[in-house]
Amino acid sequence: GIDVSNVRVAIHGACHVWKMMADDYPYDPEVYGGQRPAASTAVMKALGAQVVDYSTWYDCCGFGFRHILTEREFTRSFAIQRKLKVIAEEIKADVIITHDTGCTTTFEKNQWIGKAHGMYHPVAVMSDVMFSALACGAHPYKIVQLYWNCSEYEPLFEKMGISNWKELRKEWEDTVKYISELEKQGKYEELMEFFKEYDLYEPYSRTSDSFRRKRSATADMPLFKS
C-alpha cells in the first residue's frame, strides 16, 4: 500500500445518508462522538489519512435533488461558496471524499464553472472506494478509472508518491486506442484474449456449445470512447 499519512481529507456526507434512521447507517462513538455517519471517515482513518474537519461539514453539496433542475444558480453558488471555497481555503484539503455520485459530479463540475467566473477553488474529488483503491496501489486509470473525473487530482498523485502518473495515463490511452482499433476491425477473438491478459472484463459471453463464442447483447456498442 501507499503511505497517505500526509494527505489532508475533507469528508462530505450525502444528504440521503443524513435522512436515514440511526439504525440504518453506521455510526461510531469514535467518529465525531457518534454524531455523524462513520463509514467514509472510518475508512480514511484506517488508511492513515488525515481527516480534517471544516465549518460547513453539515451543508449539502448543492445538488439537492430538486434545485439542480429548477434553480441551477443556487446549486452553483452553494457548491462553490459553501463547500469548495471553505474546503480549499479553510483547511487546504488535498481531496474531498464522497460516497455519492451526485455529490462527486456537483463538486467537480462546479470547479470549472467557478473557474470561468473567477471563483476557482481546485481540489481533487473522488469516492471513498476510489481513494482506498489508490492507497492500496491500484492503477489510477485501469482500475480506479479516474479518467472519468474532471477535478485536478494530479497534485494528489504527487503527494501520494504516484510520480509516474503521466506514464500510467499514456499506457491507458494507448490501450484504449488499441482496443478501439480491434473493435473497428471486428477482431472479437483478439479482444477476448487481450482482456484476459490485461485483466479487464470480458464483454462477450460464451456458450457451453464446445465453447463457441456468442456475442453478447451489447456487442455492437462501443467498448470505450477516448
# chains A, B, ... in the order shown; residues from 1 in each chain; ligands from 1
call {"tool": "select_by_dssp", "arguments": {"residues": "region 46-210 of chain A", "states": "strand (DSSP E or B)", "output": "list in words"}}
result
Gln50, Val51, Val95, Ile96, Ile97, Thr98, Ala124, Val125, Met126, Ser127 and Arg206 of chain A
call {"tool": "select_by_dssp", "arguments": {"residues": "region 12-152 of chain A", "states": "alpha helix (DSSP H)", "output": "PyMOL selection string"}}
result
chain A and resi 15-18+39-47+67-70+72-77+85-90+101-116+128-135
call {"tool": "write_last_selection", "arguments": {"atoms": "C-alpha atoms", "output": "PDB file, in the first residue's frame"}}
result
ATOM      1  CA  CYS A  15     -27.938  14.262   2.195  1.00  0.00           C
ATOM      2  CA  HIS A  16     -29.715  10.921   1.854  1.00  0.00           C
ATOM      3  CA  VAL A  17     -27.363   9.429   4.444  1.00  0.00           C
ATOM      4  CA  TRP A  18     -28.474  12.018   6.985  1.00  0.00           C
ATOM      5  CA  ALA A  39     -18.317   4.863   7.159  1.00  0.00           C
ATOM      6  CA  SER A  40     -16.198   7.148   4.942  1.00  0.00           C
ATOM      7  CA  THR A  41     -14.403   8.773   7.875  1.00  0.00           C
ATOM      8  CA  ALA A  42     -13.573   5.403   9.427  1.00  0.00           C
ATOM      9  CA  VAL A  43     -12.181   4.092   6.134  1.00  0.00           C
ATOM     10  CA  MET A  44      -9.954   7.154   5.680  1.00  0.00           C
ATOM     11  CA  LYS A  45      -8.656   6.871   9.241  1.00  0.00           C
ATOM     12  CA  ALA A  46      -7.989   3.163   8.795  1.00  0.00           C
ATOM     13  CA  LEU A  47      -5.895   4.001   5.730  1.00  0.00           C
ATOM     14  CA  HIS A  67     -32.854  22.706  -7.356  1.00  0.00           C
ATOM     15  CA  ILE A  68     -30.165  21.272  -9.644  1.00  0.00           C
ATOM     16  CA  LEU A  69     -33.034  21.068 -12.155  1.00  0.00           C
ATOM     17  CA  THR A  70     -35.062  24.148 -11.205  1.00  0.00           C
ATOM     18  CA  ARG A  72     -29.138  25.943 -11.081  1.00  0.00           C
ATOM     19  CA  GLU A  73     -27.645  29.179  -9.796  1.00  0.00           C
ATOM     20  CA  PHE A  74     -28.478  28.106  -6.249  1.00  0.00           C
ATOM     21  CA  THR A  75     -26.674  24.818  -6.805  1.00  0.00           C
ATOM     22  CA  ARG A  76     -23.630  26.533  -8.287  1.00  0.00           C
ATOM     23  CA  SER A  77     -23.331  29.221  -5.627  1.00  0.00           C
ATOM     24  CA  LYS A  85     -14.184  27.646  -1.135  1.00  0.00           C
ATOM     25  CA  VAL A  86     -14.313  26.613   2.525  1.00  0.00           C
ATOM     26  CA  ILE A  87     -12.611  23.257   1.984  1.00  0.00           C
ATOM     27  CA  ALA A  88      -9.853  24.754  -0.186  1.00  0.00           C
ATOM     28  CA  GLU A  89      -9.141  27.846   1.918  1.00  0.00           C
ATOM     29  CA  GLU A  90     -10.123  26.948   5.477  1.00  0.00           C
ATOM     30  CA  THR A 101     -22.105  10.090  -7.418  1.00  0.00           C
ATOM     31  CA  GLY A 102     -24.320  13.192  -7.400  1.00  0.00           C
ATOM     32  CA  CYS A 103     -22.071  14.876  -4.846  1.00  0.00           C
ATOM     33  CA  THR A 104     -18.944  13.926  -6.780  1.00  0.00           C
ATOM     34  CA  THR A 105     -20.320  15.348 -10.025  1.00  0.00           C
ATOM     35  CA  THR A 106     -21.541  18.542  -8.346  1.00  0.00           C
ATOM     36  CA  PHE A 107     -18.181  19.256  -6.714  1.00  0.00           C
ATOM     37  CA  GLU A 108     -16.258  18.532  -9.900  1.00  0.00           C
ATOM     38  CA  LYS A 109     -18.405  20.352 -12.456  1.00  0.00           C
ATOM     39  CA  ASN A 110     -18.711  23.439 -10.279  1.00  0.00           C
ATOM     40  CA  GLN A 111     -14.952  23.775 -10.085  1.00  0.00           C
ATOM     41  CA  TRP A 112     -14.633  24.559 -13.777  1.00  0.00           C
ATOM     42  CA  ILE A 113     -17.862  26.575 -13.717  1.00  0.00           C
ATOM     43  CA  GLY A 114     -16.311  28.604 -10.905  1.00  0.00           C
ATOM     44  CA  LYS A 115     -13.069  28.897 -12.849  1.00  0.00           C
ATOM     45  CA  ALA A 116     -14.949  30.536 -15.715  1.00  0.00           C
ATOM     46  CA  ASP A 128     -14.046   6.679  -0.618  1.00  0.00           C
ATOM     47  CA  VAL A 129     -13.656   3.434  -2.572  1.00  0.00           C
ATOM     48  CA  MET A 130     -11.621   5.151  -5.299  1.00  0.00           C
ATOM     49  CA  PHE A 131      -9.229   6.697  -2.798  1.00  0.00           C
ATOM     50  CA  SER A 132      -8.983   3.370  -0.979  1.00  0.00           C
ATOM     51  CA  ALA A 133      -8.024   1.615  -4.204  1.00  0.00           C
ATOM     52  CA  LEU A 134      -5.355   4.250  -4.901  1.00  0.00           C
ATOM     53  CA  ALA A 135      -3.978   3.857  -1.384  1.00  0.00           C
TER      54      ALA A 135
END
call {"tool": "residues_around", "arguments": {"residues": "Ala38 (chain A)", "least_positions_apart": "6", "cutoff": "8 Å", "atoms": "only C-alpha atoms", "output": "number ranges by chain"}}
result
A: 26-28, 31
call {"tool": "atom_distance", "arguments": {"atom1": "CA of Ala93 (chain A)", "atom2": "CA of Asn6 (chain A)"}}
result
10.7 Å
call {"tool": "atom_distance", "arguments": {"atom1": "CA of Tyr32 (chain A)", "atom2": "CA of Ala10 (chain A)"}}
result
13.6 Å
call {"tool": "residues_around", "arguments": {"residues": "Phe78 (chain A)", "least_positions_apart": "6", "cutoff": "9 Å", "atoms": "only C-alpha atoms", "output": "list of chain:residue names"}}
result
A:Asp59, A:Cys60, A:Cys61, A:Gly62, A:Phe63, A:Leu84
call {"tool": "atom_distance", "arguments": {"atom1": "CA of Glu30 (chain A)", "atom2": "CA of Ala49 (chain A)"}}
result
15.7 Å
call {"tool": "closest_residue", "arguments": {"among": "A:Glu197, A:Leu156, A:Ala22, A:Lys142", "to": "Glu173 (chain A)", "atoms": "only C-alpha atoms"}}
result
A:Lys142
